[in-house]
$ cat model-v4.cif   # mmCIF, C-alpha atoms
data_my_file
#
loop_
_atom_site.label_atom_id
_atom_site.label_comp_id
_atom_site.auth_asym_id
_atom_site.auth_seq_id
_atom_site.Cartn_x
_atom_site.Cartn_y
_atom_site.Cartn_z
CA MET G 86 -23.25 5.98 -46.12
CA PRO G 87 -26.34 4.98 -44.10
CA LYS G 88 -26.53 1.44 -42.80
CA PRO G 89 -28.79 -0.57 -40.49
CA ALA G 90 -28.35 -0.07 -36.76
CA ASN G 91 -26.25 -2.64 -34.94
CA LEU G 92 -28.05 -5.60 -33.39
CA GLN G 93 -27.27 -5.82 -29.68
CA PHE G 94 -27.78 -8.94 -27.58
CA ASP G 95 -27.50 -9.86 -23.92
CA ASP G 96 -25.05 -12.65 -24.71
CA GLN G 97 -22.21 -13.38 -27.08
CA VAL G 98 -22.96 -14.08 -30.76
CA PHE G 99 -21.01 -17.05 -32.13
CA ASP G 100 -22.35 -17.05 -35.68
CA PHE G 101 -24.99 -15.48 -37.90
CA ALA G 102 -26.36 -15.97 -41.41
CA PHE G 103 -27.92 -13.69 -44.02
CA HIS G 104 -31.05 -14.92 -45.78
CA PRO G 105 -30.28 -15.58 -49.48
CA ASN G 106 -33.33 -13.70 -50.84
CA GLU G 107 -34.55 -11.26 -48.18
CA ASP G 108 -33.13 -8.61 -45.85
CA VAL G 109 -33.25 -11.06 -42.97
CA ILE G 110 -30.50 -12.15 -40.60
CA ALA G 111 -30.35 -14.95 -38.01
CA ALA G 112 -27.97 -14.87 -35.03
CA GLY G 113 -26.81 -17.84 -32.95
CA LEU G 114 -25.85 -17.14 -29.34
CA ILE G 115 -23.72 -18.73 -26.66
CA THR G 116 -26.89 -19.57 -24.75
CA GLY G 117 -28.21 -21.87 -27.49
CA ASP G 118 -30.76 -19.30 -28.68
CA ILE G 119 -31.32 -18.19 -32.27
CA HIS G 120 -32.85 -14.77 -32.96
CA CYS G 121 -34.08 -13.74 -36.40
CA TYR G 122 -34.50 -10.12 -37.57
CA ARG G 123 -35.59 -8.23 -40.63
CA TYR G 124 -32.99 -5.48 -40.97
CA GLY G 125 -33.24 -2.13 -42.71
CA LEU G 126 -32.30 1.52 -42.63
CA GLU G 127 -35.51 2.50 -40.84
CA GLU G 128 -35.43 -0.15 -38.14
CA ASN G 129 -34.58 -3.75 -37.32
CA VAL G 130 -37.64 -5.87 -36.57
CA LYS G 131 -37.43 -9.11 -34.61
CA LEU G 132 -39.24 -11.94 -36.40
CA TRP G 133 -38.82 -14.91 -34.09
CA SER G 134 -36.67 -16.65 -31.49
CA GLU G 135 -35.95 -20.35 -31.02
CA ARG G 136 -33.70 -22.39 -28.72
CA PRO G 137 -32.79 -25.58 -30.60
CA GLY G 138 -29.60 -26.30 -28.65
CA LYS G 139 -28.83 -26.81 -24.99
CA LYS G 140 -25.44 -25.15 -25.42
CA SER G 141 -23.86 -22.56 -27.69
CA ILE G 142 -24.83 -22.33 -31.36
CA ARG G 143 -21.57 -22.89 -33.25
CA GLY G 144 -22.82 -22.49 -36.83
CA LEU G 145 -25.77 -21.24 -38.89
CA GLU G 146 -26.52 -21.67 -42.61
CA TYR G 147 -29.58 -21.10 -44.79
CA ASN G 148 -30.35 -23.49 -47.62
CA SER G 149 -30.34 -22.11 -51.17
CA ASP G 150 -33.92 -20.81 -51.19
CA GLY G 151 -33.91 -19.63 -47.59
CA SER G 152 -36.74 -21.91 -46.47
CA VAL G 153 -34.64 -23.84 -43.95
CA LEU G 154 -32.06 -22.62 -41.43
CA TYR G 155 -29.58 -25.23 -40.23
CA SER G 156 -27.75 -24.91 -36.93
CA ILE G 157 -25.06 -26.85 -35.10
CA SER G 158 -24.43 -26.75 -31.38
CA LYS G 159 -21.78 -27.53 -28.81
CA ASP G 160 -24.25 -30.12 -27.49
CA LYS G 161 -23.42 -32.21 -30.63
CA SER G 162 -26.78 -31.62 -32.32
CA ILE G 163 -27.79 -30.55 -35.83
CA THR G 164 -31.16 -28.84 -36.22
CA ALA G 165 -33.28 -27.89 -39.22
CA ILE G 166 -35.55 -24.87 -38.54
CA ASP G 167 -38.45 -23.55 -40.59
CA ALA G 168 -36.92 -20.19 -41.50
CA ALA G 169 -40.27 -18.45 -41.98
CA VAL G 170 -41.69 -19.05 -38.50
CA GLY G 171 -38.72 -20.27 -36.46
CA THR G 172 -40.02 -23.69 -35.44
CA THR G 173 -37.76 -26.72 -35.25
CA LYS G 174 -38.61 -29.21 -38.00
CA LEU G 175 -36.01 -31.89 -37.40
CA LYS G 176 -33.22 -32.43 -34.90
CA LEU G 177 -30.40 -34.94 -34.68
CA ALA G 178 -29.38 -34.90 -31.03
CA ALA G 179 -26.13 -36.87 -31.36
CA ALA G 180 -24.79 -36.13 -34.81
CA HIS G 181 -21.17 -36.46 -33.67
CA GLU G 182 -19.46 -37.96 -30.65
CA ASN G 183 -17.83 -34.61 -29.92
CA PRO G 184 -19.04 -30.98 -29.87
CA LEU G 185 -19.59 -29.51 -33.33
CA ASN G 186 -17.52 -26.59 -34.52
CA SER G 187 -18.07 -26.03 -38.26
CA LEU G 188 -21.02 -26.17 -40.68
CA LEU G 189 -21.17 -25.79 -44.47
CA ILE G 190 -23.99 -26.40 -46.96
CA LEU G 191 -22.53 -27.89 -50.13
CA ASN G 192 -25.65 -28.04 -52.32
CA ASN G 193 -29.39 -28.61 -52.10
CA ASN G 194 -28.93 -32.13 -50.77
CA ILE G 195 -25.68 -32.28 -48.81
CA LEU G 196 -24.22 -30.44 -45.84
CA ALA G 197 -20.93 -30.95 -44.03
CA THR G 198 -20.21 -30.77 -40.31
CA GLY G 199 -16.88 -30.75 -38.49
CA ASP G 200 -16.24 -31.32 -34.79
CA GLU G 201 -13.68 -30.56 -32.10
CA GLN G 202 -11.79 -33.83 -32.63
CA GLY G 203 -11.27 -33.34 -36.37
CA ILE G 204 -14.11 -35.54 -37.65
CA ILE G 205 -15.98 -34.36 -40.78
CA LYS G 206 -19.33 -35.85 -41.74
CA LEU G 207 -21.45 -35.41 -44.86
CA TRP G 208 -25.23 -35.61 -44.50
CA ASP G 209 -27.53 -36.40 -47.46
CA ASN G 210 -31.26 -35.76 -47.23
CA ARG G 211 -31.97 -38.06 -50.15
CA SER G 212 -30.61 -41.19 -48.44
CA GLN G 213 -31.61 -39.71 -45.06
CA LYS G 214 -28.33 -40.50 -43.34
CA CYS G 215 -24.67 -39.66 -42.90
CA VAL G 216 -23.04 -40.79 -46.13
CA MET G 217 -19.36 -40.02 -45.47
CA THR G 218 -17.12 -39.77 -42.42
CA TYR G 219 -13.62 -38.31 -42.77
CA GLU G 220 -11.09 -38.79 -39.98
CA GLU G 221 -7.71 -37.48 -41.15
CA HIS G 222 -7.54 -34.42 -38.86
CA ASP G 223 -6.40 -34.68 -35.23
CA ASP G 224 -7.78 -31.41 -33.89
CA PHE G 225 -10.80 -29.17 -34.30
CA ILE G 226 -12.17 -28.42 -37.76
CA ALA G 227 -12.05 -24.63 -37.86
CA ASP G 228 -13.50 -23.89 -41.30
CA MET G 229 -14.53 -25.47 -44.60
CA THR G 230 -15.23 -24.31 -48.16
CA TYR G 231 -16.44 -26.10 -51.29
CA ASN G 232 -15.60 -26.15 -55.00
CA SER G 233 -18.86 -27.22 -56.66
CA ASP G 234 -17.27 -27.67 -60.11
CA LYS G 235 -14.75 -30.18 -58.78
CA LYS G 236 -17.08 -31.65 -56.10
CA THR G 237 -14.27 -31.02 -53.62
CA LEU G 238 -14.45 -30.00 -49.97
CA VAL G 239 -11.50 -28.07 -48.51
CA ALA G 240 -11.04 -28.09 -44.72
CA VAL G 241 -8.56 -26.52 -42.30
CA GLY G 242 -8.04 -27.24 -38.64
CA GLY G 243 -6.26 -26.70 -35.38
CA ASP G 244 -3.76 -29.45 -36.16
CA GLY G 245 -2.13 -27.23 -38.81
CA PHE G 246 -3.24 -29.26 -41.83
CA LEU G 247 -5.27 -28.39 -44.92
CA SER G 248 -7.21 -31.30 -46.43
CA THR G 249 -9.21 -31.79 -49.64
CA TRP G 250 -11.96 -34.34 -50.19
CA ASP G 251 -13.86 -35.49 -53.25
CA ILE G 252 -17.30 -35.82 -51.66
CA ARG G 253 -18.08 -38.83 -53.87
CA LYS G 254 -15.19 -40.81 -52.39
CA PRO G 255 -14.31 -42.03 -48.88
CA ASN G 256 -10.61 -41.21 -48.81
CA VAL G 257 -8.71 -37.95 -48.61
CA VAL G 258 -7.58 -36.53 -51.95
CA ALA G 259 -4.69 -34.52 -50.53
CA MET G 260 -3.29 -33.53 -47.15
CA SER G 261 -0.85 -30.65 -46.77
CA ASP G 262 2.36 -30.64 -44.83
CA CYS G 263 1.89 -29.53 -41.24
CA MET G 264 2.07 -25.74 -41.05
CA ASP G 265 3.09 -25.72 -37.36
CA ASP G 266 0.29 -23.21 -36.83
CA GLU G 267 -3.45 -23.47 -36.32
CA LEU G 268 -5.30 -22.90 -39.60
CA LEU G 269 -8.52 -21.08 -38.76
CA SER G 270 -10.24 -19.85 -41.92
CA VAL G 271 -10.36 -20.64 -45.64
CA GLN G 272 -11.96 -19.31 -48.84
CA LEU G 273 -11.56 -20.02 -52.55
CA VAL G 274 -10.64 -17.09 -54.82
CA LYS G 275 -9.53 -16.52 -58.42
CA ASN G 276 -12.40 -18.67 -59.74
CA GLY G 277 -11.32 -21.63 -57.67
CA LYS G 278 -7.69 -21.52 -58.76
CA LYS G 279 -6.48 -20.36 -55.35
CA ALA G 280 -7.33 -20.99 -51.70
CA ILE G 281 -6.63 -18.29 -49.12
CA VAL G 282 -6.08 -19.49 -45.54
CA GLY G 283 -5.91 -17.52 -42.29
CA SER G 284 -3.81 -18.72 -39.35
CA GLN G 285 -3.36 -18.26 -35.62
CA ASP G 286 -0.09 -16.37 -36.17
CA GLY G 287 -1.78 -13.78 -38.41
CA VAL G 288 -0.45 -15.04 -41.74
CA LEU G 289 -2.60 -15.28 -44.87
CA SER G 290 -1.29 -18.14 -46.99
CA LEU G 291 -2.18 -18.59 -50.65
CA TRP G 292 -2.47 -22.10 -52.08
CA THR G 293 -2.68 -23.16 -55.73
CA TRP G 294 -5.45 -25.59 -56.55
CA GLY G 295 -4.05 -29.10 -56.99
CA ASP G 296 -0.75 -28.25 -55.29
CA TRP G 297 -1.72 -28.90 -51.69
CA GLY G 298 1.63 -29.82 -50.16
CA ASP G 299 2.50 -26.24 -49.17
CA TYR G 300 1.43 -22.68 -49.85
CA THR G 301 2.86 -20.78 -52.84
CA ASP G 302 2.59 -17.30 -51.38
CA ARG G 303 1.88 -15.62 -48.08
CA ILE G 304 0.73 -12.20 -46.94
CA LEU G 305 2.01 -10.69 -43.71
CA GLY G 306 0.62 -7.80 -41.73
CA HIS G 307 -2.07 -9.08 -39.34
CA PRO G 308 -0.71 -8.79 -35.80
CA ASN G 309 -3.16 -11.39 -34.45
CA SER G 310 -5.02 -14.50 -35.53
CA ILE G 311 -7.19 -14.40 -38.67
CA ASP G 312 -10.32 -16.14 -37.45
CA THR G 313 -12.69 -15.49 -40.35
CA ILE G 314 -12.47 -14.65 -44.06
CA CYS G 315 -15.30 -13.28 -46.21
CA LYS G 316 -14.93 -13.29 -50.00
CA LEU G 317 -16.28 -10.15 -51.69
CA ASP G 318 -15.33 -11.21 -55.20
CA GLU G 319 -12.71 -13.39 -56.87
CA ASP G 320 -9.97 -10.83 -56.19
CA THR G 321 -10.95 -9.32 -52.84
CA ILE G 322 -11.53 -10.59 -49.32
CA CYS G 323 -12.27 -9.19 -45.89
CA THR G 324 -10.50 -10.63 -42.86
CA GLY G 325 -11.65 -10.64 -39.25
CA SER G 326 -8.92 -10.75 -36.64
CA SER G 327 -8.68 -11.18 -32.89
CA ASP G 328 -7.51 -7.54 -32.71
CA GLY G 329 -11.08 -6.52 -33.58
CA LEU G 330 -10.33 -5.08 -37.04
CA ILE G 331 -11.98 -5.93 -40.36
CA ARG G 332 -9.41 -5.50 -43.13
CA LEU G 333 -9.90 -5.31 -46.89
CA VAL G 334 -7.27 -7.27 -48.83
CA SER G 335 -6.84 -7.72 -52.59
CA ILE G 336 -5.35 -10.97 -53.86
CA LEU G 337 -2.72 -11.18 -56.63
CA PRO G 338 -1.55 -8.51 -56.60
CA ASN G 339 -1.51 -8.82 -52.81
CA LYS G 340 -2.35 -5.49 -51.30
CA PHE G 341 -3.79 -4.26 -48.04
CA GLU G 342 -6.54 -1.81 -49.04
CA GLY G 343 -7.60 -0.50 -45.64
CA VAL G 344 -9.82 -1.09 -42.63
CA ILE G 345 -13.57 -1.45 -43.12
CA GLY G 346 -14.62 -1.61 -39.48
CA ASP G 347 -13.50 -1.99 -35.90
CA HIS G 348 -15.11 -3.81 -33.00
CA GLY G 349 -12.32 -2.74 -30.68
CA GLU G 350 -9.17 -4.55 -29.63
CA GLU G 351 -10.84 -6.27 -26.71
CA PHE G 352 -13.44 -7.91 -28.95
CA PRO G 353 -12.09 -10.65 -31.25
CA ILE G 354 -14.18 -11.09 -34.39
CA GLU G 355 -15.93 -14.45 -34.74
CA ARG G 356 -17.51 -14.16 -38.18
CA ILE G 357 -17.82 -11.89 -41.23
CA ARG G 358 -20.43 -12.49 -43.93
CA LEU G 359 -21.53 -10.66 -47.07
CA ALA G 360 -25.26 -9.96 -47.38
CA ASP G 361 -26.97 -11.39 -50.44
CA ASN G 362 -27.80 -7.87 -51.68
CA LYS G 363 -24.07 -7.02 -51.53
CA LYS G 364 -24.84 -3.74 -49.81
CA TYR G 365 -23.46 -4.72 -46.42
CA ILE G 366 -21.15 -7.08 -44.67
CA GLY G 367 -22.04 -8.16 -41.18
CA SER G 368 -19.64 -8.98 -38.37
CA CYS G 369 -20.00 -10.42 -34.89
CA ALA G 370 -17.47 -10.27 -32.08
CA HIS G 371 -17.19 -10.70 -28.33
CA ASP G 372 -19.07 -7.44 -27.74
CA ASN G 373 -22.46 -9.24 -27.96
CA SER G 374 -23.41 -7.48 -31.18
CA ILE G 375 -23.73 -7.78 -34.94
CA HIS G 376 -22.45 -4.74 -36.85
CA PHE G 377 -23.40 -3.79 -40.40
CA TRP G 378 -20.81 -2.16 -42.66
CA ASP G 379 -21.60 -0.50 -45.99
CA VAL G 380 -19.67 -2.06 -48.88
CA ALA G 381 -21.97 -1.20 -51.81
CA HIS G 382 -19.41 1.24 -53.20
CA LEU G 383 -16.88 -1.56 -53.59
CA PHE G 384 -19.15 -3.30 -56.09
CA GLU G 385 -20.24 -0.14 -57.87
CA GLU G 386 -16.65 0.69 -58.83
CA GLY G 387 -16.40 -2.38 -61.03
CA GLY G 388 -12.64 -2.83 -60.95
CA ASP G 389 -11.87 -5.53 -63.51
CA ASP G 390 -8.08 -5.83 -63.36
CA ASP G 391 -6.09 -7.84 -65.88
CA GLU G 392 -6.29 -11.52 -65.04
CA GLU G 393 -2.61 -11.74 -65.83
CA GLU G 394 -1.89 -9.94 -62.55
CA GLU G 395 -2.65 -13.09 -60.63
CA GLU G 396 0.76 -14.44 -61.63
CA VAL G 397 2.64 -11.46 -60.19
CA THR G 398 3.41 -12.68 -56.71
CA GLU G 399 3.33 -16.47 -56.99
CA ASP G 400 6.08 -18.97 -56.15
CA ASN G 401 6.59 -18.10 -52.50
CA ALA G 402 6.83 -14.32 -52.93
CA GLU G 403 6.45 -13.01 -49.37
CA VAL G 404 4.48 -9.78 -49.07
CA THR G 405 4.16 -7.44 -46.11
CA LEU G 406 0.97 -5.41 -46.08
CA SER G 407 1.81 -1.77 -45.63
CA THR G 408 0.20 0.11 -48.50
CA ASN G 409 -2.43 2.85 -48.36
CA VAL G 410 -3.06 2.56 -44.63
CA SER G 411 -1.51 3.85 -41.44
CA GLU G 412 0.95 1.68 -39.57
CA ASP G 413 -1.38 1.50 -36.60
CA ALA G 414 -4.12 -0.05 -38.72
CA VAL G 415 -1.82 -2.81 -39.97
CA THR G 416 -0.13 -3.78 -36.74
CA LYS G 417 -2.50 -2.45 -34.14
CA PRO G 418 -1.30 -3.87 -30.80
CA THR G 419 -3.76 -5.66 -28.56
CA GLU G 420 -3.81 -6.07 -24.83
CA ALA G 421 -6.61 -8.63 -24.95
CA ASP G 422 -4.46 -11.64 -25.78
CA SER G 423 -3.16 -12.18 -22.27
CA SER G 424 -6.57 -11.85 -20.68
CA GLU G 425 -8.07 -14.29 -23.20
CA GLU G 426 -5.39 -16.86 -22.55
CA GLU G 427 -6.04 -16.74 -18.83
CA GLU G 428 -9.58 -18.11 -19.28
CA GLU G 429 -10.18 -21.34 -17.43
CA ASP G 430 -9.99 -24.63 -19.30
CA SER G 431 -12.91 -26.30 -17.56
CA ASP G 432 -15.88 -27.60 -19.55
CA SER G 433 -19.02 -27.35 -17.44
CA ASP G 434 -22.40 -28.57 -18.62
CA ASN G 435 -23.88 -25.33 -17.34
CA ASP G 436 -24.85 -23.10 -20.29
CA ASP G 437 -23.58 -19.95 -18.59
CA SER G 438 -20.09 -21.42 -18.30
CA ASP G 439 -20.03 -21.99 -22.06
CA ASN G 440 -18.60 -18.46 -22.14
CA GLU G 441 -15.18 -19.85 -21.45
CA LYS G 442 -14.89 -21.79 -24.58
CA SER G 443 -15.85 -19.92 -27.66
CA ARG G 444 -14.16 -21.15 -30.79
CA GLN G 445 -11.92 -18.12 -30.36
CA GLN G 446 -10.67 -19.45 -27.01
CA LYS G 447 -10.02 -22.87 -28.52
CA ARG G 448 -8.04 -21.31 -31.30
CA LYS G 449 -6.04 -19.09 -29.00
CA ARG G 450 -5.07 -21.90 -26.68
CA GLY G 451 -5.09 -24.93 -28.97
CA LYS G 452 -5.70 -28.35 -27.57
CA GLN G 453 -3.03 -30.76 -26.34
CA ILE G 454 -3.09 -33.93 -28.35
CA GLU G 455 -0.29 -35.86 -26.60
CA GLY G 456 -1.08 -39.44 -25.78
CA ARG G 457 -4.17 -39.58 -27.97
CA ASP G 458 -5.15 -43.15 -28.67
CA ALA G 459 -5.98 -44.46 -32.09
CA LYS G 460 -9.27 -43.04 -33.27
CA ALA G 461 -12.31 -45.09 -32.44
CA SER G 462 -14.61 -45.95 -35.27
CA ARG G 463 -17.49 -43.54 -35.68
CA GLN G 464 -20.91 -44.86 -36.48
CA GLU G 465 -22.84 -43.16 -39.20
CA ALA G 466 -26.01 -42.18 -37.39
CA ALA G 467 -29.16 -40.31 -38.25
CA SER G 468 -31.19 -42.67 -40.38
CA ALA G 469 -34.17 -40.34 -40.58
CA PHE G 470 -32.48 -36.96 -40.54
CA PHE G 471 -33.66 -34.39 -43.10
CA GLY G 472 -36.24 -36.84 -44.43
CA ASP G 473 -38.98 -34.26 -44.54
CA LEU G 474 -36.96 -31.47 -46.18
#

$ encode --input "model-v4.cif" --output "structure tokens"
Amino acid sequence: MPKPANLQFDDQVFDFAFHPNEDVIAAGLITGDIHCYRYGLEENVKLWSERPGKKSIRGLEYNSDGSVLYSISKDKSITAIDAAVGTTKLKLAAAHENPLNSLLILNNNILATGDEQGIIKLWDNRSQKCVMTYEEHDDFIADMTYNSDKKTLVAVGGDGFLSTWDIRKPNVVAMSDCMDDELLSVQLVKNGKKAIVGSQDGVLSLWTWGDWGDYTDRILGHPNSIDTICKLDEDTICTGSSDGLIRLVSILPNKFEGVIGDHGEEFPIERIRLADNKKYIGSCAHDNSIHFWDVAHLFEEGGDDDEEEEEVTEDNAEVTLSTNVSEDAVTKPTEADSSEEEEEDSDSDNDDSDNEKSRQQKRKRGKQIEGRDAKASRQEAASAFFGDL
């Protein structure tokens, strides 16, 4: 099936976001630049460029109507950009004490940010300040998702814990047992009844809502870390791995459906997102590009399976993915791991040296937390942030 041409950049793409109402995509680069394009089958047209951050753009999200594009940066800043013209409206230069790593918009008024030291903050544009600070994690916040019905934020991090937070309250609702593995990605499926989590060791773990002590099921088959998860519907996800493959996985019954796309084993995938029109998913990797993949046929087929099937593999039933796909596609070996792990551990203020430390590198290496002192209190800054939005 035809699809838009890939977007190619001079530098690595860390994150991108699809506009909620138009065929528009914004890409955040390692250089701190954001480029916005209108994509299509005929051509991709560049709309604007902006450089809101001094260092790499770690996260991008549009608000619900697409009028504002939020970005977070390694330089600790949060920026609100006019999505139509690409001009910076508001910027909080020191939102956290540490570099930011994760961004999620919860609703029209609140967004969440997570940093490299495990701190999560909630920002409210009505009170024009940070309204909550959560400090239970001891390592980087890798990913977050939100259950709007239960007003609950779910976060996973490099310390191996999954946490849940009622955003109306200051204390953690539940904290999992330590998984002895970096938890890198999370999505809610089965109408919020289940959470699916990707790990550094390549395991997909399935968690039952309200039972957060440990997973109830796990899915094996990824030979490398699962750095990003994109939900297609309540029963189907796509996973992006450091082996460069995008896999299609059905949940309960757990089944590996095939490979949607391939960036190549030397190019770990940073992010997968589903376009609002549900015609394409986009993916970015270490090959300095955003690829479009046609998935319209997946939605046209309908596929309403019996809801009773979701009980089939619960209660710690361990599944190895090996169905309907060649062995090479499931356990494709990579030779990139060793070269990635040899990257230097220095943290220069020079933007060019930001290359060393993509979130992928942090996940691959982890961070040593021995001898860490008790956490210092974090001030809730940003008294005027988002006031004009």

$ atom_distance --input "model-v4.cif" --atom1 "CA of Val153 (chain G)" --atom2 "CA of Val274 (chain G)"
27.2 Å

$ residues_around --input "model-v4.cif" --residues "Leu291 (chain G)" --least-positions-apart "5" --cutoff "9 Å" --atoms "all atoms listed in the file" --output "PyMOL selection string"
chain G and resi 279-282+300-304+336+399+401

$ resolve_selection --input "model-v4.cif" --expression "the PyMOL selection byres ((chain G and resi 122) around 12)" --output "PyMOL selection string"
chain G and resi 89-93+101-104+107-113+119-121+123-125+128-134+168-171+375

$ residues_around --input "model-v4.cif" --residues "Ile163 (chain G)" --least-positions-apart "6" --cutoff "12 Å" --atoms "all atoms listed in the file" --output "count of residues only"
40

$ residues_around --input "model-v4.cif" --residues "Ser310 (chain G)" --least-positions-apart "4" --cutoff "6 Å" --atoms "all atoms listed in the file" --output "JSON, numbers by chain"
{"G": [284, 285, 286, 287, 326, 327]}

$ closest_residue --input "model-v4.cif" --among "G:Pro105, G:Phe246, G:Lys278, G:Gln202" --to "Asp361 (chain G)" --atoms "all atoms listed in the file"
G:Pro105

$ residues_near_point --input "model-v4.cif" --point "(-21.0, -4.3, -46.4)" --cutoff "12 Å" --atoms "only C-alpha atoms" --output "number ranges by chain"
G: 86-89, 103, 315-317, 322-323, 331, 333, 345-346, 357-368, 376-384
